[in-house]
Each structure stands twice: as structure tokens, then as C-alpha cells.
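Comments concern the structure below.
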Amino acid sequence: MVSVILKPMKRQGARYDHTAIERAWRAVWEKERLDVAAISGVKSAKRSRRKGPFYNLMMFPYPSAEGLHVGNMYAFTGSDIYGRFKRLQGYEVFEPIGLDGFGIHSENYALKIGRHPMDHAEVTEKRFYEQLHTIGAMYDWTRTVETYDPGYYRWTQWLFVQMFKHGLAYRGKAEVNWCPSCKTVLADEQVIDGCCERCGNIVEKRLLDQWFFRITAYAGKLLDNLKKLDWTEKVKVAQQNWIGQKQGIEITYDILTNDGSSAGEVVCFTTTPVNFAATFLVLSPEHPFVSRILQVTDAQRAADIRRYVTKTQQVSREERERQGKKKTGVFSGLYAVNHVTRERLPVWISDFVLTGVGTGAIQACPAHDARDYDFARTFGLPIRSVISFDTEVHIVVLKKFVSSDFSARLQKIAVYGEDRGEEYAVVAPRQMSEKVVRMVRNELTGPHAFAQADGTVAGVITKDGVLSNPDLCAEFFRSHGYGTDLWPVLADRYPFCYIGDGLMRQSGFLNGMPFARAMQKTMDYFEEKGWGKRVTAYHLRDWLISRQRYWGPPIPMIFCKECAAVGRSWFSTHEAKVMNIVSNNDMSGWPASKRLSAAMAGWYPVPERDLPVILPRIGDYRPGDDGVSPLAKHREFYETACPACGAKAVRETDVSDTFLDSSWYFLRYPSVHSGSNVAEVDRKKGVSDAMRGSLVAVHPSNGPAWAGDAGRGTPKKGSPLVGILGGTPVAGPAGTDRRMTVLEQTRRAASLELPWDPAITKTWLPVSLYTGGAEHSVLHLMYSRFVTMALHDWGLLPFDEPFPVFYAHGLIIKDGAKMSKSKGNVVNPDDYIGRYGADALRLYLMFTGPFDQGGDFRDSAMEGMSRWVGRVWRMALSAIEKHSKESGAKVETALQRTIQKVTADIEHRRYNTAIAALMTWTNLVADENGALGLADLSIFLRLLAPFAPFLTEELWHRAGETGPGIVPSASVHRAPWPDYDAAKVVDTSVTVVVQVDGKLRETFSLPSAGAVDRETVLARARKSDRIAHALGEAKEQKIIFIPGKLLNFVTR
RNA sequence: GCCGCAGUGGUGAAAUUGGCAGACACGCAGGAUUUAGGAUCCUGUGCCCGUAAGGGCUUAGAGGUUCAAAUCCUCUCUGCGGCACCA
């Protein structure tokens, strides 16, 4: 790769001048294109010594306020070390970097400091890239990706269009936080205690039309595929929980008015159809059927319902939880009929039933569900138990003896009731584990009894333990005014109990059947009768894509009123094809073909050849006080022509979610130079800048919003529009011709099919190793997987998982807390790189602990690492000076072992112990008075190179200068990774441990051959005074011998 | 509440098919060297008893399995992360 002999630094004397050395090598590496991956040439390289492509990807950063902090550097360095290691092993490694600079995070900061997001992006890009150049990572700087670059987000928009065309993007209602005073939508984090953070008014929930991606269509595959992924386990578990698969049944109920006439149907979802115990139905306040109820119920009740629904809307979900989950609700006046008992079930409305969960409607079985039980108790609804226990013993807890807090904890596992003025709880036998007994005992303020199913007392729990003496127990009951026939009374009169391994009763054909089997049987029965249908439900919700914000890719959709009026949409002409795709991919829960078309009436994607829809530079980019997207105030942006009928139409003015930008970026990196992207190829000539210029020169808004905008290149009021808006370029002022050319180029490129080169993608993807923070366990990693699966199903990608191997790194904290500006504990790596050098900082960060664990940043330890770097420097210089070929035997053998350990440790990202091994070896060299030959120095430098790229490169060249053949390559970073000699790492002598009764009494060193021989070791041990002393008079009963390791005299 | 992960010296940590607990560092103490140093080098450093030799104790706590447990099992406590009125 590096064809010329690199020029080494001038002699510096003994001190390691990290600043000068780092600067010099950065320049040389860039000139020699050391870190530029052979993206296209890798196939031919494959046949030579290189082992093939390795795509080493680190989650790209979103540029924040402070620039890179040391936590970022920790993560990037850990990833880079592995990349460098793989390259030394002979892989062609591609390690790209970019910026996730679009989105709310960057926008908020820009807003805070009063800078236009476009200008802010420019500032942070410069700052981040400067910093990222200094940390010693092997980034391929010829292939960066910035999500706010039109050359990139054109393809983000393209992706949206494909989603739409494949029926995976749709418009639907979503609940958002709405401040009626500010008339704006608020993000969740802008809602403080249910009130608007700006004006203090109570925030309402509103249903607004939003764009969604139908990620739920992939819920099953997202779950199933987890099995085949090599990911940090806890991230997999997090995804599993988030997807939340559960098997259940949807049961359809006929709803009747009081006089028995039909009012419609409601579908309830349940995983546990205890239908003989169902005594009422509950709908969420947002359930569509509520509006039907309002029509058929009497005026007074309708008013009550309206009031209740309005009230629940004013309370945020967080607020609701804070109110202690007290049950509220309102009766609808309507009834359903229980299929199996034929009883009337009153239909209630309550906010404890959530809209997004199941079908937003439940059949309540208060005897067997704590929430239903609460609700039934609150409103005096009937409770019927249909489960009895198949074992004997129960605990009876008199509530007057426990705290109310504890009583609440018991709720899930106990039967509650009231008898003769005493409240009590009965714990089901299944639940009466040791844990419960201990729990009860700890909380106890008085004695508690066991009862048996036949009513006899089994035992009493007291503070001191469990009394099982029946007489004492009977006495306990008598003293509290109860007979010994307590339990059967309780079971019938207060039947709430936990669902365990009970047997069914009062359940017709299910009687006597174990609970779990009864549920399956019920589902069979309901399906047979046509009352219900088994379904697999998921916790996962569809991905809300739209944002009423400015700093993101405009959603590339056009709405035509004329077409909407006649029910025409893009699907009118493409429906058959779409539905074909849908059915081929077995996406359940799809709207019927007619409905898809109707739901999207009037909607058209922007034609691909017209992408990108440029985000115009506007002055009034702040999120509106009037509740609409900033772009919605720009007629010149949204006015366009309908792609189908040519009538006047409007663009979507929402932008897409940041997570869409980052959901596909890994596909772009290897292909940024591919022929499908003119803009990127010309980037170095400044074309990309010109493109950004085109962002600037867009028609100004009317009015004074522009006056205060200090942004670069803000056009004067009234200047003509430049950009591709409405698909028609508009002439710009003088000097904009060139920009037009670029945009034309971009547009032509956009007519190409894909954002990536298929051949390159086939070679380089999926990503070989993805490294990133566990905080992205769910969102980013889930979205990327979804997008990849969709692209795969459309036949555009040959794989369906983007990151077969994902490694979650730990976090660097400072003084025990996460770094954040508000805490004032952000550590800037620049200061430390300036003072100690990038290598010392890299080493320190990696030495602080295991890479998946993170660590606490401490200055003093940093000093220590700096000292070791100095020792290595002097050790190497001294070896180069002496110029001996061979090391001492001890040093050489130890180095062989070090190769073995460092190789294994890096492979498992145990960087801390790899560094410790290198230190141990340098300590040995020092102990041996620097008996280090150049051949071994060359090996050592290669082992250290992934961690300390600058130091090792400098020493590599100084060693190379001393004579031909000293170092095997021009750059240490293109040298072959050293192999160890298996014969040399075998121990010639081992330490054998001698124990007496498992206690260490003596150790001695023996030749390996002797140490594995029982008699030899035993003979040696017999000679030991210490062993004799330890054994004393005792006679050994047994001798344990582990060859090569241990001898244990057992005297017991 | 549910799920997951963790708990080892003054500090970061090492040691996991069960086999010398504390590697490697930081810090601290003492010493050497240097005009000086944010320099370098040497020695010591888990706790307790002891001048020492030596002995005892020790991996959050309790119990268990084993010749042998930081490691395996049971329970408890503490901390961190995710989910949470999920039907």
C-alpha cells in the first residue's frame, strides 16, 4: 500500500515530543493515503496476502455543543484499535467517520445560541473533523458522510419514497402533546408535570395526522432474527422486550343498548381468556367506538362521557401514573353479552385501558387481575372467581398487622377480603414460597396464620419463625374471633386470587382443568364458534416519522386536493403491484387494498428525478408558536404542481425523524465515490460547498423575521428563488448559475437507481463489526434493522441484517457521574492530547477497565500512563542505539507469550489486560538491563501499534533507519501481525502448589515433565519441612493430585 | 413491580472448563539521583497479631455442594441499566 519509504522524523533527543511527531505522521499518512481503503480493488487484493474486506464501523456522532468529549474518544479509540488490529492481520479495513448532524439535538443547540442551524452545522463540522483528526484513528477521510448534505439526504428522501411506494409509509393519527395557550406541539421532554414548560398551562393530548413507517409489519422478523445475531446479550434482551411478542386471542363482542338493540361490535384482546370470570368490558377513552356510544346513549350520559374523555386528555401519561394509578371511569350505558355465561356485561370507559395496547378494549376478569379487581371494587362491579387451588396450604394475613405499603405489595399474590370488620389477604399456595414467608415475616406486626383448604389451620407465622403446631394455630384464630372454617368462606366470598396452577371451577366444560390448558381450550372453543381469533400481538408500535421542525429532510410527499376529491392517489395506478409485494411478504394487519388507496387519497411521492427536495434556508426556522412546521409558512416552498394531474398542490412541510437519517448511513459509506453520486466525487473541488450554497439562496420569507438573522449569505428580501422546488428550477440572481449546474448534476444522479453501488455493497456489507453505545439498543439499532429488512425484501440488498456483529462499549464517567455540560464535568480530549499526546490518552482510556464497562476519568492515572509511554520511548531508543540483533533469552521467551496474550486479548476487546501484558514485558526488559534486540523491538512495536499509532510509527522508522531488513514494511501499520512460536510459549518449569486440607502450605518449581508425575511431586512434597509441620500428627486420608498444578493432602 | 447486569485492597482493576486471590497500574510511604522538574530510578504497600520467623483473616451478607469456591447452587442486601396500568 505505502510504496515509498516514509521520511522519519528528525532526531529529537531523548524526550518524546508527541506534538511534533503526531503532526508529522498525520501529514505523511494522509499523503500516502495510508488509511484510504481499497474499496474497489479489494477483490484482486484478496488473491494476494490480504485477507479480504473488513468494514469496521463505529456509530457516527451527532455534533453537539462542546465538540468531541473524552467519552466519544473512548468509544472511537476502542473501535479503532480493533480496526488497526485487523489491518495488521492482513484484512483490508474500511473505517469511516461522519456526522449525524441533522435533527432536533443539533437544532436545539443552534436555537439556544441563536445561530442558524445551517451555519451551526458548518461550525460543528469543522470543529468535529479537526478533533477527529487528532485522536489517531485510521479514518478514511476521503469518504465521509454528513446527514445534512443534500447529496446524502436526497437518498434519505428516496428511502421515504420507497417506503411509501411499498406501502410501509402511511399517514395516521397520533397522540401528541398540545399546549392550547401556545398553540404548539410539544416534545415529551418539554412537558413538565403535565404543564407546558413555557407558559405553565395544562398540556392536552391531541390526535394529529402524522407520517408513520409500518415497522410493526416486521415485528416477527425483527424478533426471530435476533437469534442469529452476535450481539451484546443485554442489547438483544432490550430489543426482545421492546418488541414484546405475546400470543393471545381477539374476541368480538356484540354491543347492545339497554333495550336490547344492536349498537355495533367491540373487539377485545387478551392473552388469558378466563371468560367465565369476565363480568364487564372496558374501553379506552380514545377508542373509536366511544363516538358510536355518544350517538346511541342518552344525552345526560353522553355529556358525562364527553366530560370524562376530555378530562383524561388533559392528563399526560406520566401524570396519570403519578396519581397512584387510582381507577377512574364512566359507564357507557351499553352492554355486551358474555359468550359462555350469556350474562350481560356492562361496558365502561376508563383510562386505565390504553389505546395503543392490544385493541384498546378489554374484557375484565376482576377476580383474576389486580387492575380489573381495583376497578370493580371502585365501581361496585361483580367479581366472580373461577379458579380454585389444587394444593392445600394458604397464608392468611390479617391486614391490621401489616403496613399499608406492604399490603399494596401483597396485592398481586393475595386474595383480599373483609370479614367481621377485619381485612385480610390470602396468599395462594403457588405463591407461598420461602420468599413470601420471609416477606411476610419481615413485615409482621402480629401473628399470621396458615389455613388449609379444608379449613383447618396449618400454621402460624410470627416474627420468630413459623409455628406449625395445630393447637397453637387454632388458638391464634380463636383469639382473633375466627372459627377454623375460615378458608372456604374466604374463597367463596372474596375470590380474587392470583392465576397460578389452579384448577378451573364454575366454568362449564373447563371444570377441573388446569389453568394453562383451560386457556388453550377456551381459545380453541372461541375460534370454533367464530367468536374470536388467535393473534400474535406486539408491544412494538409503528415508527412516527414526522417532526414539526425545521432541521431535517423535508418529507418528499405532495398532496393534491383535486385528486383527493375524486379518491385518486399514487396507489390508484400502482396498487396491484404494491399489494403483490404486501402479500408476498406476509405482512399481517394490512389495510385492504381499497382502504390503502382511500387512506392515501391525494398523496403522491415526489418523483425520484426531482430529489432532493432541498431544505430551504429560512429565517423563521424556530418551531412555531402557532403549532405548524416552520416550512408551512413558506408558500414558495410548499406550493407545487400535482405530479399526476398538474393541478396546484402542496408539499408536506414536516421533516423526517433524525433516526431515519442514521438508519441507513452504513450503506452509504463504501459507495460515496460510486458513479451514482456526482456531487460527492466533485466534493474536493469545492462543488459540495457550492451545493450548500444553494441551500442558502432560497427565497426569503416575508417580513422582519429575516432582519435578525445574521446567517451567511442571507439573500435580500425579494431576491428570486433558487433551488429545485416544485420540480422546476427557477432562475437565480447573477452568480448562481454554477449552483444550478450542480443541482442539475445532482438531479441527474438522482435518476440513478440506488444510493449505493451494488457491487461494492456486495463486497463490503453487511458491516463486519459495529461498535456503539448500549443507549441505542432499541431505537437506532431497531430502525436500521427494519430498513435493511425492507430493502432486502424489495430485492435491493442481498442481506437482511445490517450488523451481524455488534459490540456495546461502556461509558466514560467523571467523578462517578455521566459527563454533561450542566454538571460541569465534561473532559475535553484536546487538553490531554496537547499535554500528553494522543497515544498516551488512547492507552490511558483503554487501560482504565474492560471496554464494555467504561470507567471513571482520573487525571492522576493519566500521568502514570504518560510515564510508561516515556519508558517505552527510552527503552526503544536505547535498543536502537545498541543495535543488537538478539534479545536475552528471558526477554525473547516472554515476548512470545506476550504476542499470544495480546492477540487473544484484542480479539476479545480486553484492551486493559493487553496493555498490562505489554507493561509486564517492558518491566522485564528493564529488569534485564535493556537486553533487547531489534527483531524483538520490531515485534513489540507491532503489538503496541493499534494502541499507540504515532509513537510506534516513529520508533519503527528509527529502527528501520539502522539497517536494511530491520523492519519488514514501510509503515508499522502495514506490517504483518507477529505470530508466536508455539514451542517457545510452552513452560519449561511450572510452579506446583501443595495444600493441606485445602490450605496453601508450600509452593515449588519443577520441570514441566516432573510436575505432571504424581510420584515426583509427592516425593518432593514429602521432603518439605513446612508440609511436615502443617501435617503434624494428622494422617492424610486422601491425596488429590492435579498434574502440573496442585497437590492436596486431606486429613479429614 | 418485571427483566437484565454487576458487587474483589485507599483507587481503577486482574484471576471464570472450580485449583497460589489482588496481575498491571494509580495513590501512599521510605530511599537514591539531579542545578531544577508535571523528570528518572530503587524498595515497601489487602487486613489483623508479631521486632522477626511465622500465624490468622479476607472477594457485599447468610447458607449449601466440593479435597478445593471470587468462580457452581439457594436466599438476602446494595448499586446500575431497560421496561412498566402491556390486558
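Going through the C-alpha cells in order, the chains are called A, B, and so on, while each chain numbers its residues from 1 and the ligands are numbered from 1 in the order shown.
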Item to check | Interface list for chain A, partner chain B, 8 Å threshold, only C-alpha atoms (C1' of nucleotides), as a PyMOL selection string | outcome: chain A and resi 234+237-238+241-242+269-271+325+352-353+357-358+362+371+539+848-849+855-856+860-861+864+913+916-917+919-920+993+997-998+1000+1003+1038-1040+1042+1045-1046+1048-1050
Next on the checklist: Residues near Ala790 of chain A, anyone? I mean within 10 Å using only C-alpha atoms (C1' of nucleotides), not counting same-chain ones fewer than 2 positions away, as number ranges by chain.
Outcome noted: A: 162-163, 166, 168, 215, 217-218, 585, 784-788, 792-797, 800
Next on the checklist: Give me, as a PyMOL selection string, the residues of segment 309-380 of chain A that a backbone DSSP run labels helix (DSSP H, G or I).
Outcome noted: chain A and resi 309-314+317-322+366-368+370-379
Next on the checklist: With distances taken over only C-alpha atoms (C1' of nucleotides), which residue among B:U71, B:U45, B:U59, B:U51 lies nearest A21 of chain B?
Outcome noted: B:U59
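The smallest atom-to-atom distance between Thr232 of chain A and any of A:Thr771, A:Ser656, A:Thr310, A:Thr341, using only C-alpha atoms, is found for A:Thr771.
Residues in contact with C57 of chain B at up to 12 Å, not including ones fewer than 3 positions away on its chain and judged by only C-alpha atoms (C1' of nucleotides), are B:G46, B:C47, B:C48, B:C49.
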Any chance you could export the current selection's N, CA and C atoms (P, O5', C5', C4', C3', O3' and C1' of nucleotides) as an mmCIF file, in the first residue's frame?
```cif
data_model
loop_
_atom_site.group_PDB
_atom_site.id
_atom_site.type_symbol
_atom_site.label_atom_id
_atom_site.label_comp_id
_atom_site.auth_asym_id
_atom_site.auth_seq_id
_atom_site.Cartn_x
_atom_site.Cartn_y
_atom_site.Cartn_z
ATOM 1 P P G B 46 0.113 -5.773 50.769
ATOM 2 O "O5'" G B 46 -1.464 -5.615 50.971
ATOM 3 C "C5'" G B 46 -2.161 -4.521 50.377
ATOM 4 C "C4'" G B 46 -3.586 -4.524 50.855
ATOM 5 C "C3'" G B 46 -3.720 -4.633 52.376
ATOM 6 O "O3'" G B 46 -3.738 -3.351 52.962
ATOM 7 C "C1'" G B 46 -5.056 -6.283 51.332
ATOM 8 P P C B 47 -3.043 -3.164 54.394
ATOM 9 O "O5'" C B 47 -4.086 -3.864 55.372
ATOM 10 C "C5'" C B 47 -5.382 -3.296 55.581
ATOM 11 C "C4'" C B 47 -6.180 -4.188 56.490
ATOM 12 C "C3'" C B 47 -5.500 -4.547 57.802
ATOM 13 O "O3'" C B 47 -5.651 -3.525 58.772
ATOM 14 C "C1'" C B 47 -6.372 -6.501 56.818
ATOM 15 P P C B 48 -4.480 -3.309 59.811
ATOM 16 O "O5'" C B 48 -4.642 -4.564 60.771
ATOM 17 C "C5'" C B 48 -5.793 -4.693 61.610
ATOM 18 C "C4'" C B 48 -5.737 -5.997 62.370
ATOM 19 C "C3'" C B 48 -4.459 -6.257 63.158
ATOM 20 O "O3'" C B 48 -4.444 -5.556 64.383
ATOM 21 C "C1'" C B 48 -5.052 -8.202 61.984
ATOM 22 P P C B 49 -3.008 -5.120 64.973
ATOM 23 O "O5'" C B 49 -2.395 -6.506 65.473
ATOM 24 C "C5'" C B 49 -2.991 -7.197 66.570
ATOM 25 C "C4'" C B 49 -2.226 -8.483 66.851
ATOM 26 C "C3'" C B 49 -0.716 -8.341 66.987
ATOM 27 O "O3'" C B 49 -0.331 -7.821 68.239
ATOM 28 C "C1'" C B 49 -1.221 -10.239 65.679
#
```
Checklist entry - If you run DSSP on this backbone, which residues of segment 188-386 of chain A come out as strand (DSSP E), and could you give them as a ChimeraX atom specification? => result /A:191-192,195-196,204-213,230-231,246-256,262-270,280-283,330-337,344-349,361-364
Suppose we keep C-alpha atoms; can you now write the selection as a PDB file, in the first residue's frame?
```pdb
ATOM      1  CA  VAL A 191     -43.886  18.766  29.298  1.00  0.00           C
ATOM      2  CA  ILE A 192     -43.194  19.370  32.988  1.00  0.00           C
ATOM      3  CA  CYS A 195     -47.872  21.547  32.047  1.00  0.00           C
ATOM      4  CA  CYS A 196     -46.216  23.486  29.263  1.00  0.00           C
ATOM      5  CA  GLU A 204     -53.565  18.377  26.253  1.00  0.00           C
ATOM      6  CA  LYS A 205     -53.234  15.330  24.143  1.00  0.00           C
ATOM      7  CA  ARG A 206     -54.295  15.738  20.578  1.00  0.00           C
ATOM      8  CA  LEU A 207     -54.701  13.409  17.706  1.00  0.00           C
ATOM      9  CA  LEU A 208     -52.881  14.860  14.726  1.00  0.00           C
ATOM     10  CA  ASP A 209     -52.166  13.465  11.286  1.00  0.00           C
ATOM     11  CA  GLN A 210     -48.614  12.212  11.146  1.00  0.00           C
ATOM     12  CA  TRP A 211     -46.459  10.030   8.910  1.00  0.00           C
ATOM     13  CA  PHE A 212     -45.630   6.553  10.140  1.00  0.00           C
ATOM     14  CA  PHE A 213     -43.424   3.714   8.987  1.00  0.00           C
ATOM     15  CA  ASP A 230     -23.785 -11.937  17.536  1.00  0.00           C
ATOM     16  CA  TRP A 231     -24.673  -9.023  19.793  1.00  0.00           C
ATOM     17  CA  LYS A 246     -47.360 -12.211  23.068  1.00  0.00           C
ATOM     18  CA  GLN A 247     -49.855 -14.798  21.942  1.00  0.00           C
ATOM     19  CA  GLY A 248     -53.492 -14.122  22.618  1.00  0.00           C
ATOM     20  CA  ILE A 249     -56.963 -14.008  21.194  1.00  0.00           C
ATOM     21  CA  GLU A 250     -59.140 -11.234  19.847  1.00  0.00           C
ATOM     22  CA  ILE A 251     -62.738 -11.750  20.921  1.00  0.00           C
ATOM     23  CA  THR A 252     -65.567  -9.894  19.224  1.00  0.00           C
ATOM     24  CA  TYR A 253     -68.463  -8.727  21.366  1.00  0.00           C
ATOM     25  CA  ASP A 254     -71.864  -7.580  20.144  1.00  0.00           C
ATOM     26  CA  ILE A 255     -72.774  -4.384  21.922  1.00  0.00           C
ATOM     27  CA  LEU A 256     -76.394  -3.826  22.864  1.00  0.00           C
ATOM     28  CA  SER A 262     -77.559  -3.751  18.480  1.00  0.00           C
ATOM     29  CA  ALA A 263     -75.146  -0.831  18.678  1.00  0.00           C
ATOM     30  CA  GLY A 264     -72.171  -2.440  16.957  1.00  0.00           C
ATOM     31  CA  GLU A 265     -69.154  -4.556  17.816  1.00  0.00           C
ATOM     32  CA  VAL A 266     -66.093  -4.222  20.000  1.00  0.00           C
ATOM     33  CA  VAL A 267     -63.010  -6.426  19.789  1.00  0.00           C
ATOM     34  CA  CYS A 268     -61.094  -7.223  22.979  1.00  0.00           C
ATOM     35  CA  PHE A 269     -57.599  -8.667  23.098  1.00  0.00           C
ATOM     36  CA  THR A 270     -56.498 -10.981  25.868  1.00  0.00           C
ATOM     37  CA  PHE A 280     -67.662  -6.283  32.326  1.00  0.00           C
ATOM     38  CA  LEU A 281     -65.899  -4.614  29.385  1.00  0.00           C
ATOM     39  CA  VAL A 282     -63.689  -1.528  29.439  1.00  0.00           C
ATOM     40  CA  LEU A 283     -62.780   0.733  26.523  1.00  0.00           C
ATOM     41  CA  VAL A 330     -67.619   6.200  33.339  1.00  0.00           C
ATOM     42  CA  PHE A 331     -70.399   3.792  32.394  1.00  0.00           C
ATOM     43  CA  SER A 332     -71.427   3.852  28.747  1.00  0.00           C
ATOM     44  CA  GLY A 333     -75.000   2.734  29.268  1.00  0.00           C
ATOM     45  CA  LEU A 334     -74.386  -0.177  26.906  1.00  0.00           C
ATOM     46  CA  TYR A 335     -73.910  -3.892  27.385  1.00  0.00           C
ATOM     47  CA  ALA A 336     -72.131  -6.778  25.791  1.00  0.00           C
ATOM     48  CA  VAL A 337     -73.081 -10.404  26.179  1.00  0.00           C
ATOM     49  CA  ARG A 344     -74.934  -9.009  30.327  1.00  0.00           C
ATOM     50  CA  LEU A 345     -71.564  -7.282  30.677  1.00  0.00           C
ATOM     51  CA  PRO A 346     -71.747  -3.538  31.302  1.00  0.00           C
ATOM     52  CA  VAL A 347     -69.389  -1.553  29.024  1.00  0.00           C
ATOM     53  CA  TRP A 348     -67.280   1.042  30.815  1.00  0.00           C
ATOM     54  CA  ILE A 349     -64.801   3.651  29.656  1.00  0.00           C
ATOM     55  CA  ALA A 361     -60.546  -2.625  24.802  1.00  0.00           C
ATOM     56  CA  ILE A 362     -60.559  -5.379  27.426  1.00  0.00           C
ATOM     57  CA  GLN A 363     -62.845  -7.965  28.909  1.00  0.00           C
ATOM     58  CA  ALA A 364     -62.390  -7.523  32.626  1.00  0.00           C
TER      59      ALA A 364
END
```
